[in-house]
Structures are given as C-alpha cells and as structure tokens.
>>> print(open('protein-v3.cif').read())   # mmCIF, C-alpha atoms and all ligand atoms
data_data
#
loop_
_atom_site.group_PDB
_atom_site.id
_atom_site.type_symbol
_atom_site.label_atom_id
_atom_site.label_comp_id
_atom_site.auth_asym_id
_atom_site.auth_seq_id
_atom_site.Cartn_x
_atom_site.Cartn_y
_atom_site.Cartn_z
ATOM 1 C CA MET C 1 241.213 3.904 133.096
ATOM 2 C CA ASN C 2 242.558 4.335 136.601
ATOM 3 C CA THR C 3 242.715 2.278 139.789
ATOM 4 C CA ASN C 4 239.314 3.559 140.859
ATOM 5 C CA TYR C 5 237.835 0.883 138.610
ATOM 6 C CA ILE C 6 237.793 -2.577 140.194
ATOM 7 C CA LYS C 7 238.419 -5.511 137.848
ATOM 8 C CA SER C 8 236.812 -8.921 137.879
ATOM 9 C CA ASP C 9 239.436 -11.709 137.755
ATOM 10 C CA LEU C 10 237.104 -13.731 135.556
ATOM 11 C CA PHE C 11 236.665 -10.947 132.974
ATOM 12 C CA SER C 12 240.349 -9.943 133.085
ATOM 13 C CA LYS C 13 241.125 -13.248 131.340
ATOM 14 C CA PHE C 14 239.609 -11.882 128.140
ATOM 15 C CA PRO C 15 242.017 -9.419 126.480
ATOM 16 C CA GLU C 16 239.460 -8.465 123.833
ATOM 17 C CA ILE C 17 237.219 -6.663 126.316
ATOM 18 C CA GLU C 18 237.702 -3.817 128.773
ATOM 19 C CA HIS C 19 235.603 -3.484 131.930
ATOM 20 C CA GLY C 20 235.527 -1.991 135.400
ATOM 21 C CA PHE C 21 233.366 -1.412 138.462
ATOM 22 C CA GLY C 22 233.795 2.201 139.517
ATOM 23 C CA ASN C 23 234.044 3.488 143.055
ATOM 24 C CA ALA C 24 233.022 6.964 144.207
ATOM 25 C CA HIS C 25 236.321 8.454 142.956
ATOM 26 C CA ALA C 26 236.180 6.933 139.471
ATOM 27 C CA VAL C 27 235.947 9.527 136.699
ATOM 28 C CA TRP C 28 233.074 8.713 134.350
ATOM 29 C CA PRO C 29 234.374 7.955 130.834
ATOM 30 C CA VAL C 30 233.186 10.604 128.354
ATOM 31 C CA ASP C 31 232.056 8.076 125.754
ATOM 32 C CA ILE C 32 230.052 5.862 128.124
ATOM 33 C CA ILE C 33 226.516 4.924 127.025
ATOM 34 C CA LEU C 34 224.078 5.134 129.931
ATOM 35 C CA MET C 35 220.399 4.202 130.095
ATOM 36 C CA PRO C 36 217.551 5.992 131.886
ATOM 37 C CA GLN C 37 217.289 3.405 134.726
ATOM 38 C CA LYS C 38 213.906 2.965 136.409
ATOM 39 C CA HIS C 39 214.098 -0.500 138.029
ATOM 40 C CA THR C 40 212.295 -1.978 135.005
ATOM 41 C CA ASN C 41 212.892 -5.268 133.215
ATOM 42 C CA ASN C 42 213.496 -3.562 129.862
ATOM 43 C CA VAL C 43 216.496 -4.742 127.857
ATOM 44 C CA VAL C 44 217.857 -2.615 125.014
ATOM 45 C CA ILE C 45 220.055 -3.736 122.114
ATOM 46 C CA VAL C 46 222.588 -1.072 121.162
ATOM 47 C CA ASP C 47 223.386 -1.809 117.538
ATOM 48 C CA GLU C 48 225.231 1.186 116.135
ATOM 49 C CA LEU C 49 227.382 4.191 116.815
ATOM 50 C CA PRO C 50 226.713 7.018 117.391
ATOM 51 C CA VAL C 51 224.015 6.205 119.919
ATOM 52 C CA ASN C 52 221.460 8.999 119.795
ATOM 53 C CA TYR C 53 218.690 7.670 121.992
ATOM 54 C CA ILE C 54 218.285 5.008 124.683
ATOM 55 C CA PRO C 55 214.743 4.377 126.009
ATOM 56 C CA VAL C 56 214.046 3.617 129.673
ATOM 57 C CA ALA C 57 215.842 0.354 130.403
ATOM 58 C CA ASP C 58 217.784 -1.483 133.102
ATOM 59 C CA ALA C 59 219.841 -3.732 130.860
ATOM 60 C CA MET C 60 221.719 -3.217 127.597
ATOM 61 C CA LEU C 61 223.446 -5.595 125.193
ATOM 62 C CA THR C 62 225.728 -4.917 122.252
ATOM 63 C CA HIS C 63 227.869 -6.706 119.694
ATOM 64 C CA VAL C 64 229.338 -3.438 118.400
ATOM 65 C CA HIS C 65 233.033 -2.921 119.064
ATOM 66 C CA SER C 66 234.001 0.248 120.940
ATOM 67 C CA VAL C 67 230.521 0.799 122.357
ATOM 68 C CA MET C 68 231.071 1.328 126.086
ATOM 69 C CA LEU C 69 227.951 0.232 127.954
ATOM 70 C CA GLY C 70 227.540 1.677 131.447
ATOM 71 C CA VAL C 71 225.382 1.221 134.519
ATOM 72 C CA LYS C 72 224.975 3.641 137.450
ATOM 73 C CA THR C 73 224.523 2.315 140.985
ATOM 74 C CA ALA C 74 224.595 3.289 144.648
ATOM 75 C CA ASP C 75 223.642 0.064 146.528
ATOM 76 C CA CYS C 76 221.874 -1.746 143.669
ATOM 77 C CA LEU C 77 224.055 -4.308 141.888
ATOM 78 C CA PRO C 78 225.896 -3.517 138.681
ATOM 79 C CA ILE C 79 226.166 -6.758 136.700
ATOM 80 C CA LEU C 80 228.385 -7.136 133.621
ATOM 81 C CA LEU C 81 228.110 -9.942 131.107
ATOM 82 C CA TYR C 82 230.285 -11.272 128.316
ATOM 83 C CA ASN C 83 229.841 -14.027 125.775
ATOM 84 C CA PRO C 84 233.250 -14.725 124.180
ATOM 85 C CA LYS C 85 231.840 -17.192 121.618
ATOM 86 C CA ILE C 86 229.846 -14.551 119.756
ATOM 87 C CA ARG C 87 231.400 -11.471 121.393
ATOM 88 C CA ILE C 88 228.444 -9.846 123.085
ATOM 89 C CA VAL C 89 228.767 -7.618 126.133
ATOM 90 C CA GLY C 90 226.054 -6.293 128.411
ATOM 91 C CA VAL C 91 225.187 -4.477 131.615
ATOM 92 C CA ILE C 92 222.348 -5.036 134.082
ATOM 93 C CA HIS C 93 221.089 -2.751 136.855
ATOM 94 C CA ALA C 94 219.687 -4.987 139.588
ATOM 95 C CA GLY C 95 218.196 -3.737 142.815
ATOM 96 C CA TRP C 96 215.368 -5.510 144.614
ATOM 97 C CA ARG C 97 212.792 -4.082 142.203
ATOM 98 C CA GLY C 98 214.756 -5.198 139.158
ATOM 99 C CA LEU C 99 215.219 -8.661 140.665
ATOM 100 C CA ALA C 100 211.478 -8.861 141.395
ATOM 101 C CA ASN C 101 210.721 -7.548 137.883
ATOM 102 C CA LYS C 102 212.879 -10.304 136.338
ATOM 103 C CA VAL C 103 215.417 -8.016 134.689
ATOM 104 C CA ILE C 104 218.046 -10.796 134.855
ATOM 105 C CA PHE C 105 215.757 -13.381 133.229
ATOM 106 C CA ASN C 106 214.857 -10.879 130.496
ATOM 107 C CA ALA C 107 218.490 -10.034 129.787
ATOM 108 C CA VAL C 108 219.438 -13.719 129.467
ATOM 109 C CA GLU C 109 216.376 -14.402 127.317
ATOM 110 C CA LYS C 110 217.170 -11.507 124.973
ATOM 111 C CA LEU C 111 220.765 -12.647 124.719
ATOM 112 C CA CYS C 112 219.640 -16.117 123.709
ATOM 113 C CA THR C 113 216.790 -15.143 121.368
ATOM 114 C CA PHE C 114 218.167 -12.034 119.666
ATOM 115 C CA TYR C 115 221.808 -13.119 119.482
ATOM 116 C CA ASN C 116 221.406 -16.903 119.565
ATOM 117 C CA ALA C 117 223.819 -17.014 122.491
ATOM 118 C CA ARG C 118 224.065 -20.082 124.706
ATOM 119 C CA GLU C 119 223.746 -19.701 128.462
ATOM 120 C CA GLU C 120 226.740 -21.961 129.118
ATOM 121 C CA ASP C 121 228.984 -19.721 126.994
ATOM 122 C CA THR C 122 228.077 -16.526 128.837
ATOM 123 C CA TYR C 123 229.932 -15.098 131.835
ATOM 124 C CA PHE C 124 228.645 -12.723 134.491
ATOM 125 C CA ALA C 125 230.385 -10.496 137.029
ATOM 126 C CA ILE C 126 228.374 -9.128 139.940
ATOM 127 C CA GLY C 127 229.822 -5.826 141.161
ATOM 128 C CA PRO C 128 229.773 -3.861 144.415
ATOM 129 C CA GLY C 129 226.338 -3.436 145.997
ATOM 130 C CA ILE C 130 224.816 -3.307 149.444
ATOM 131 C CA CYS C 131 225.677 -6.436 151.469
ATOM 132 C CA LYS C 132 223.519 -8.822 153.467
ATOM 133 C CA LYS C 133 224.588 -7.238 156.776
ATOM 134 C CA CYS C 134 223.583 -3.726 155.656
ATOM 135 C CA TYR C 135 220.417 -4.214 153.644
ATOM 136 C CA GLU C 136 217.381 -4.222 155.884
ATOM 137 C CA VAL C 137 214.068 -4.409 154.020
ATOM 138 C CA SER C 138 210.389 -4.868 154.783
ATOM 139 C CA MET C 139 208.571 -8.190 154.497
ATOM 140 C CA GLU C 140 206.765 -6.738 151.452
ATOM 141 C CA VAL C 141 210.076 -6.431 149.611
ATOM 142 C CA PHE C 142 211.036 -9.979 150.533
ATOM 143 C CA ASP C 143 207.593 -11.298 149.517
ATOM 144 C CA SER C 144 207.674 -9.603 146.121
ATOM 145 C CA ILE C 145 210.989 -11.253 145.202
ATOM 146 C CA ASN C 146 210.102 -14.550 146.856
ATOM 147 C CA SER C 147 206.955 -14.765 144.712
ATOM 148 C CA ILE C 148 209.241 -14.869 141.626
ATOM 149 C CA ILE C 149 211.937 -17.195 142.946
ATOM 150 C CA ASN C 150 212.492 -18.915 146.293
ATOM 151 C CA VAL C 151 214.933 -16.646 148.157
ATOM 152 C CA LYS C 152 214.341 -17.832 151.722
ATOM 153 C CA THR C 153 218.044 -18.668 152.147
ATOM 154 C CA ALA C 154 218.942 -15.096 151.094
ATOM 155 C CA PHE C 155 216.839 -13.494 153.841
ATOM 156 C CA ARG C 156 217.309 -13.324 157.595
ATOM 157 C CA LYS C 157 214.390 -12.032 159.603
ATOM 158 C CA THR C 158 215.376 -9.442 162.235
ATOM 159 C CA SER C 159 211.964 -8.372 163.540
ATOM 160 C CA LYS C 160 208.278 -8.963 162.901
ATOM 161 C CA ASN C 161 208.179 -6.822 159.757
ATOM 162 C CA LYS C 162 211.793 -6.610 158.661
ATOM 163 C CA GLY C 163 214.832 -8.616 157.685
ATOM 164 C CA LEU C 164 218.222 -8.559 156.009
ATOM 165 C CA LEU C 165 218.297 -9.310 152.288
ATOM 166 C CA ASP C 166 221.281 -10.661 150.338
ATOM 167 C CA LEU C 167 220.949 -9.051 146.892
ATOM 168 C CA SER C 168 224.025 -10.635 145.322
ATOM 169 C CA SER C 169 222.989 -14.118 146.404
ATOM 170 C CA ILE C 170 219.548 -13.505 144.849
ATOM 171 C CA ALA C 171 221.166 -12.277 141.617
ATOM 172 C CA HIS C 172 223.284 -15.438 141.625
ATOM 173 C CA LYS C 173 220.168 -17.602 142.121
ATOM 174 C CA GLU C 174 218.310 -15.829 139.321
ATOM 175 C CA LEU C 175 221.243 -16.242 136.935
ATOM 176 C CA GLU C 176 221.398 -19.967 137.699
ATOM 177 C CA ALA C 177 217.611 -20.244 137.336
ATOM 178 C CA ALA C 178 218.002 -18.573 133.928
ATOM 179 C CA GLY C 179 220.404 -21.355 132.898
ATOM 180 C CA ILE C 180 223.793 -19.789 133.608
ATOM 181 C CA PRO C 181 226.240 -22.311 135.148
ATOM 182 C CA GLY C 182 227.440 -21.331 138.623
ATOM 183 C CA ALA C 183 231.068 -21.540 137.453
ATOM 184 C CA ASN C 184 230.351 -18.728 134.952
ATOM 185 C CA ILE C 185 229.318 -16.279 137.687
ATOM 186 C CA SER C 186 231.817 -14.219 139.667
ATOM 187 C CA ASN C 187 231.195 -11.808 142.490
ATOM 188 C CA ILE C 188 233.320 -8.838 143.543
ATOM 189 C CA ASN C 189 231.900 -9.174 147.092
ATOM 190 C CA MET C 190 232.251 -5.527 148.087
ATOM 191 C CA CYS C 191 229.609 -3.557 149.925
ATOM 192 C CA THR C 192 228.786 0.004 148.870
ATOM 193 C CA LYS C 193 227.634 0.848 152.406
ATOM 194 C CA CYS C 194 230.179 -0.781 154.767
ATOM 195 C CA SER C 195 233.239 -0.798 152.451
ATOM 196 C CA LYS C 196 234.853 2.639 152.161
ATOM 197 C CA GLY C 197 234.927 4.679 148.974
ATOM 198 C CA PHE C 198 231.540 4.028 147.400
ATOM 199 C CA HIS C 199 228.422 6.069 146.935
ATOM 200 C CA SER C 200 225.677 4.438 149.010
ATOM 201 C CA HIS C 201 222.065 5.542 148.872
ATOM 202 C CA ARG C 202 221.447 3.927 152.270
ATOM 203 C CA ALA C 203 224.435 5.811 153.714
ATOM 204 C CA GLY C 204 222.923 9.082 152.511
ATOM 205 C CA SER C 205 224.739 9.680 149.227
ATOM 206 C CA LYS C 206 222.757 11.319 146.421
ATOM 207 C CA GLU C 207 225.334 10.343 143.803
ATOM 208 C CA ARG C 208 226.114 7.129 141.990
ATOM 209 C CA GLN C 209 229.221 5.372 140.693
ATOM 210 C CA VAL C 210 229.454 3.924 137.227
ATOM 211 C CA SER C 211 230.557 0.515 135.910
ATOM 212 C CA TYR C 212 231.230 -0.322 132.265
ATOM 213 C CA ILE C 213 232.164 -2.937 129.697
ATOM 214 C CA LYS C 214 233.129 -2.758 126.032
ATOM 215 C CA ILE C 215 234.534 -4.903 123.245
ATOM 216 C CA LEU C 216 237.841 -3.432 122.094
HETATM 217 ZN ZN ZN P 1 227.671 -3.842 154.063
#
>>> encode(input="protein-v3.cif", output="structure tokens")
Amino acid sequence: MNTNYIKSDLFSKFPEIEHGFGNAHAVWPVDIILMPQKHTNNVVIVDELPVNYIPVADAMLTHVHSVMLGVKTADCLPILLYNPKIRIVGVIHAGWRGLANKVIFNAVEKLCTFYNAREEDTYFAIGPGICKKCYEVSMEVFDSINSIINVKTAFRKTSKNKGLLDLSSIAHKELEAAGIPGANISNINMCTKCSKGFHSHRAGSKERQVSYIKIL
C-alpha cells in the first residue's frame, strides 16, 4: 500500500491488521471486497473466501483472515472497526441517510449478537468525509436524523430552511449511544470537500475513493 492511504493512529497500534483511508490518488487494491452501497442499514457477514456475491449492504463484518473489506465514499463517512479480543474487522458506509437508517446501531448489534463481541472491546476509526463547514443540508435531513437521536449540537442553522450538519460528530454520538466508549473512537478529521486530494460529490466529483481493513 502507498502513502495515498491515510492511517489511523489508533488502528496502527495493532500489527495483526492492515487498514487505510484512501484519497483520490489511491489505487484500489485488486482483492478488495466491496458492497453494493445504497444508504441502507443492511449489515453483511463475510464468512469465506472466495467471496462470490455480496447483497446490497452498507456495512460488512468478517473474522476471516486475508479478507479485505472495503467501502467507497465521496463525502459520506467511511468507518472502520476492529475488535482485537475476537479478531473481527468491519467497514461502515455512513452518510446522512445511513445515520438516519441506523446503520451504525445495526453494525454494532450484529457484532455483538452474531460474534458475541463486547462493545467496550471494539475500536472505531472515522475516516475523511464532508466537514461541518461544508455540509449544508435541508431541515428535512436534520429532522430525519434528529428523530432517531438528538443531534441538535451537531447542527447549525444558517437560514430558515437550511443548516450545516456535522456528520462525524453524529457518527460519534451514534457509536456512543450504541455502547461504544468514547475512548475507543478515533477520527481522522479530514474533509473530502475542503481538504485537497479527495473525491467530493459536493465538489462535483463523480468518482469515489476507497478505504479498507483486513486481518493479516
Ligand atoms: Zn470541509
């Protein structure tokens, strides 16, 4: 992997996994497993190689070594997860629709029910996505997330019908509401729109960058 993949300091402490958040120049790994992302709350368990078919989903989990799980984004948040106790990795695609659809809650629930993982043993890294200065949304968008979880502190109204939304702060809130300790959550804090070198849907890009994680 090259320098076009940004590393999380938190995840770099674990030598048994490999991960990265790609920028626009990152070459997509040939063996990456991608899901047909549709802003759903579907979570898929990938339990063997080769992987022939992945249904529509916005989160994936695996315990299988060498399976490289990937997530494509261009303003939405790529979120990686790792549980070192039972060696499970996962990816989550979280834009406002995914956050409103509870994709984070579903991923944590599946991790705990299917794999018997404990929330306090699981680590999350939130990757580059659109920042709170760049992401203007309608009141309808705010209302649909705020009906799931109180996100008033992650929204700053700019006009009668619009405001600026802080996606990564909402993801952080949802992770904590799902039982993940705040100390287990790290954030890359890079914006796909106002930092250079990323594909940004809002900035007019039609392409996406890829992020990945795998157990070695
Ligand atoms: Zn920005």
>>> resolve_selection(input="protein-v3.cif", expression="the PyMOL selection byres (((chain C and resi 97-100) around 12) and not hetatm)", output="PyMOL selection string")
chain C and resi 37-43+57-59+76-79+92-96+101-107+137+140-151+166-175
>>> residues_around(input="protein-v3.cif", residues="C:Tyr82", least_positions_apart="5", cutoff="9 Å", atoms="only C-alpha atoms", output="VMD selection string")
chain C and resid 11 17 87 to 90 121 to 125 213
>>> atom_distance(input="protein-v3.cif", atom1="atom CA of C:Asn23", atom2="atom CA of C:Ile126")
14.2 Å
>>> atom_distance(input="protein-v3.cif", atom1="atom CA of C:Arg202", atom2="atom CA of C:Asp75")
7.3 Å
>>> residues_around(input="protein-v3.cif", residues="C:Ser195", least_positions_apart="2", cutoff="10 Å", atoms="only C-alpha atoms", output="MDAnalysis selection string")
chainID C and resid 128:131 190:193 197:198 200
>>> write_last_selection(input="protein-v3.cif", atoms="C-alpha atoms", output="PDB file, in the coordinates of the input")
ATOM      1  CA  PRO C 128     229.773  -3.861 144.415  1.00  0.00           C
ATOM      2  CA  GLY C 129     226.338  -3.436 145.997  1.00  0.00           C
ATOM      3  CA  ILE C 130     224.816  -3.307 149.444  1.00  0.00           C
ATOM      4  CA  CYS C 131     225.677  -6.436 151.469  1.00  0.00           C
ATOM      5  CA  MET C 190     232.251  -5.527 148.087  1.00  0.00           C
ATOM      6  CA  CYS C 191     229.609  -3.557 149.925  1.00  0.00           C
ATOM      7  CA  THR C 192     228.786   0.004 148.870  1.00  0.00           C
ATOM      8  CA  LYS C 193     227.634   0.848 152.406  1.00  0.00           C
ATOM      9  CA  GLY C 197     234.927   4.679 148.974  1.00  0.00           C
ATOM     10  CA  PHE C 198     231.540   4.028 147.400  1.00  0.00           C
ATOM     11  CA  SER C 200     225.677   4.438 149.010  1.00  0.00           C
TER      12      SER C 200
END
>>> residues_around(input="protein-v3.cif", residues="C:Met68", least_positions_apart="3", cutoff="8 Å", atoms="only C-alpha atoms", output="list in words")
Asp31, Ile32, Ile33, Tyr212, Ile213, Lys214 and Ile215 of chain C
>>> write_last_selection(input="protein-v3.cif", atoms="C-alpha atoms", output="PDB file, in the coordinates of the input")
ATOM      1  CA  ASP C  31     232.056   8.076 125.754  1.00  0.00           C
ATOM      2  CA  ILE C  32     230.052   5.862 128.124  1.00  0.00           C
ATOM      3  CA  ILE C  33     226.516   4.924 127.025  1.00  0.00           C
ATOM      4  CA  TYR C 212     231.230  -0.322 132.265  1.00  0.00           C
ATOM      5  CA  ILE C 213     232.164  -2.937 129.697  1.00  0.00           C
ATOM      6  CA  LYS C 214     233.129  -2.758 126.032  1.00  0.00           C
ATOM      7  CA  ILE C 215     234.534  -4.903 123.245  1.00  0.00           C
TER       8      ILE C 215
END
>>> residues_around(input="protein-v3.cif", residues="C:Tyr115", least_positions_apart="2", cutoff="10 Å", atoms="all atoms listed in the file", output="list of chain:residue names")
C:Ile45, C:Leu61, C:Thr62, C:His63, C:Ile86, C:Arg87, C:Ile88, C:Glu109, C:Lys110, C:Leu111, C:Cys112, C:Thr113, C:Ala117, C:Arg118
>>> atom_distance(input="protein-v3.cif", atom1="atom CA of C:Gly179", atom2="atom CA of C:Lys132")
24.3 Å
>>> closest_residue(input="protein-v3.cif", among="C:Ile180, C:Val67, C:Ala203, C:Leu216", to="ligand ZN 1 (chain P)", atoms="all atoms listed in the file")
C:Ala203
>>> resolve_selection(input="protein-v3.cif", expression="the PyMOL selection byres (((chain C and resi 5) around 8) and not hetatm)", output="list in words")
Met1, Asn2, Thr3, Asn4, Ile6, Lys7, Gly20, Phe21, Gly22, Asn23, Ala26 and Ser211 of chain C
>>> closest_residue(input="protein-v3.cif", among="C:Val30, C:Val71, C:Met60, C:Cys194", to="ligand ZN 1 (chain P)", atoms="only C-alpha atoms and all ligand atoms")
C:Cys194
>>> closest_residue(input="protein-v3.cif", among="C:Asn189, C:Asn83, C:Ser138, C:Ser12", to="C:Glu120", atoms="all atoms listed in the file")
C:Asn83
>>> axis_aligned_box(input="protein-v3.cif", around="stretch 46-50 of chain C", padding_each_side="4 Å", output="lines of an AutoDock Vina configuration file")
center_x = 225.0
center_y = 2.6
center_z = 118.6
size_x = 12.8
size_y = 16.8
size_z = 13.0
>>> closest_residue(input="protein-v3.cif", among="C:Lys133, C:Ser205, C:Val27, C:Asn187", to="ligand ZN 1 (chain P)", atoms="all atoms listed in the file")
C:Lys133
>>> closest_residue(input="protein-v3.cif", among="C:Lys85, C:Lys160, C:Lys196, C:Lys206", to="ligand ZN 1 (chain P)", atoms="only C-alpha atoms and all ligand atoms")
C:Lys196
>>> closest_residue(input="protein-v3.cif", among="C:Glu136, C:Glu119, C:Asn52, C:Ser186", to="C:Asn161", atoms="only C-alpha atoms")
C:Glu136
>>> decode(input="protein-v3.cif", residues="stretch 52-79 of chain C", atoms="N, CA and C atoms", output="PDB file, in the first residue's frame")
ATOM      1  N   ASN C  52     -18.181 -14.702  -3.585  1.00  0.00           N
ATOM      2  CA  ASN C  52     -18.803 -14.677  -4.911  1.00  0.00           C
ATOM      3  C   ASN C  52     -19.899 -13.635  -5.028  1.00  0.00           C
ATOM      4  N   TYR C  53     -20.563 -13.348  -3.914  1.00  0.00           N
ATOM      5  CA  TYR C  53     -21.744 -12.488  -4.002  1.00  0.00           C
ATOM      6  C   TYR C  53     -21.927 -11.705  -2.707  1.00  0.00           C
ATOM      7  N   ILE C  54     -22.119 -10.397  -2.831  1.00  0.00           N
ATOM      8  CA  ILE C  54     -22.439  -9.560  -1.671  1.00  0.00           C
ATOM      9  C   ILE C  54     -23.756  -8.855  -1.994  1.00  0.00           C
ATOM     10  N   PRO C  55     -24.794  -9.052  -1.163  1.00  0.00           N
ATOM     11  CA  PRO C  55     -26.066  -8.346  -1.412  1.00  0.00           C
ATOM     12  C   PRO C  55     -25.931  -6.861  -1.089  1.00  0.00           C
ATOM     13  N   VAL C  56     -26.964  -6.091  -1.416  1.00  0.00           N
ATOM     14  CA  VAL C  56     -26.962  -4.660  -1.090  1.00  0.00           C
ATOM     15  C   VAL C  56     -26.746  -4.506   0.411  1.00  0.00           C
ATOM     16  N   ALA C  57     -25.761  -3.704   0.770  1.00  0.00           N
ATOM     17  CA  ALA C  57     -25.425  -3.514   2.186  1.00  0.00           C
ATOM     18  C   ALA C  57     -24.609  -2.247   2.331  1.00  0.00           C
ATOM     19  N   ASP C  58     -24.554  -1.725   3.555  1.00  0.00           N
ATOM     20  CA  ASP C  58     -23.724  -0.551   3.847  1.00  0.00           C
ATOM     21  C   ASP C  58     -22.821  -0.786   5.049  1.00  0.00           C
ATOM     22  N   ALA C  59     -22.719  -2.062   5.435  1.00  0.00           N
ATOM     23  CA  ALA C  59     -21.737  -2.449   6.448  1.00  0.00           C
ATOM     24  C   ALA C  59     -21.406  -3.920   6.233  1.00  0.00           C
ATOM     25  N   MET C  60     -20.146  -4.259   6.508  1.00  0.00           N
ATOM     26  CA  MET C  60     -19.698  -5.655   6.402  1.00  0.00           C
ATOM     27  C   MET C  60     -18.819  -5.966   7.598  1.00  0.00           C
ATOM     28  N   LEU C  61     -18.886  -7.237   8.035  1.00  0.00           N
ATOM     29  CA  LEU C  61     -18.041  -7.718   9.127  1.00  0.00           C
ATOM     30  C   LEU C  61     -17.408  -9.025   8.692  1.00  0.00           C
ATOM     31  N   THR C  62     -16.201  -9.285   9.157  1.00  0.00           N
ATOM     32  CA  THR C  62     -15.601 -10.601   8.911  1.00  0.00           C
ATOM     33  C   THR C  62     -14.631 -10.982  10.005  1.00  0.00           C
ATOM     34  N   HIS C  63     -14.502 -12.303  10.196  1.00  0.00           N
ATOM     35  CA  HIS C  63     -13.486 -12.857  11.093  1.00  0.00           C
ATOM     36  C   HIS C  63     -12.430 -13.576  10.255  1.00  0.00           C
ATOM     37  N   VAL C  64     -12.616 -13.610   8.951  1.00  0.00           N
ATOM     38  CA  VAL C  64     -11.745 -14.409   8.082  1.00  0.00           C
ATOM     39  C   VAL C  64     -10.466 -13.639   7.762  1.00  0.00           C
ATOM     40  N   HIS C  65      -9.347 -14.246   8.041  1.00  0.00           N
ATOM     41  CA  HIS C  65      -8.053 -13.627   7.735  1.00  0.00           C
ATOM     42  C   HIS C  65      -7.918 -13.431   6.231  1.00  0.00           C
ATOM     43  N   SER C  66      -7.257 -12.353   5.858  1.00  0.00           N
ATOM     44  CA  SER C  66      -6.947 -12.043   4.454  1.00  0.00           C
ATOM     45  C   SER C  66      -8.131 -11.522   3.651  1.00  0.00           C
ATOM     46  N   VAL C  67      -9.308 -11.472   4.242  1.00  0.00           N
ATOM     47  CA  VAL C  67     -10.436 -10.857   3.534  1.00  0.00           C
ATOM     48  C   VAL C  67     -10.313  -9.348   3.703  1.00  0.00           C
ATOM     49  N   MET C  68     -10.139  -8.640   2.588  1.00  0.00           N
ATOM     50  CA  MET C  68     -10.003  -7.181   2.650  1.00  0.00           C
ATOM     51  C   MET C  68     -11.362  -6.537   2.396  1.00  0.00           C
ATOM     52  N   LEU C  69     -11.964  -6.015   3.466  1.00  0.00           N
ATOM     53  CA  LEU C  69     -13.263  -5.360   3.340  1.00  0.00           C
ATOM     54  C   LEU C  69     -13.053  -3.909   2.920  1.00  0.00           C
ATOM     55  N   GLY C  70     -13.876  -3.421   1.993  1.00  0.00           N
ATOM     56  CA  GLY C  70     -13.715  -2.057   1.510  1.00  0.00           C
ATOM     57  C   GLY C  70     -15.012  -1.270   1.530  1.00  0.00           C
ATOM     58  N   VAL C  71     -14.864   0.052   1.549  1.00  0.00           N
ATOM     59  CA  VAL C  71     -16.023   0.939   1.500  1.00  0.00           C
ATOM     60  C   VAL C  71     -15.664   2.128   0.606  1.00  0.00           C
ATOM     61  N   LYS C  72     -16.607   2.472  -0.298  1.00  0.00           N
ATOM     62  CA  LYS C  72     -16.381   3.583  -1.238  1.00  0.00           C
ATOM     63  C   LYS C  72     -17.102   4.827  -0.721  1.00  0.00           C
ATOM     64  N   THR C  73     -16.430   5.972  -0.781  1.00  0.00           N
ATOM     65  CA  THR C  73     -17.066   7.210  -0.325  1.00  0.00           C
ATOM     66  C   THR C  73     -16.611   8.410  -1.148  1.00  0.00           C
ATOM     67  N   ALA C  74     -17.448   9.453  -1.109  1.00  0.00           N
ATOM     68  CA  ALA C  74     -17.075  10.752  -1.675  1.00  0.00           C
ATOM     69  C   ALA C  74     -17.899  11.812  -0.951  1.00  0.00           C
ATOM     70  N   ASP C  75     -17.669  11.983   0.313  1.00  0.00           N
ATOM     71  CA  ASP C  75     -18.323  12.907   1.265  1.00  0.00           C
ATOM     72  C   ASP C  75     -18.971  12.163   2.425  1.00  0.00           C
ATOM     73  N   CYS C  76     -19.614  11.003   2.145  1.00  0.00           N
ATOM     74  CA  CYS C  76     -20.093  10.169   3.251  1.00  0.00           C
ATOM     75  C   CYS C  76     -18.880   9.708   4.059  1.00  0.00           C
ATOM     76  N   LEU C  77     -19.127   9.208   5.264  1.00  0.00           N
ATOM     77  CA  LEU C  77     -18.023   8.767   6.121  1.00  0.00           C
ATOM     78  C   LEU C  77     -17.698   7.293   5.902  1.00  0.00           C
ATOM     79  N   PRO C  78     -16.418   6.983   5.699  1.00  0.00           N
ATOM     80  CA  PRO C  78     -16.004   5.586   5.794  1.00  0.00           C
ATOM     81  C   PRO C  78     -15.632   5.329   7.253  1.00  0.00           C
ATOM     82  N   ILE C  79     -16.198   4.291   7.844  1.00  0.00           N
ATOM     83  CA  ILE C  79     -15.875   3.964   9.237  1.00  0.00           C
ATOM     84  C   ILE C  79     -15.326   2.537   9.276  1.00  0.00           C
TER      85      ILE C  79
END
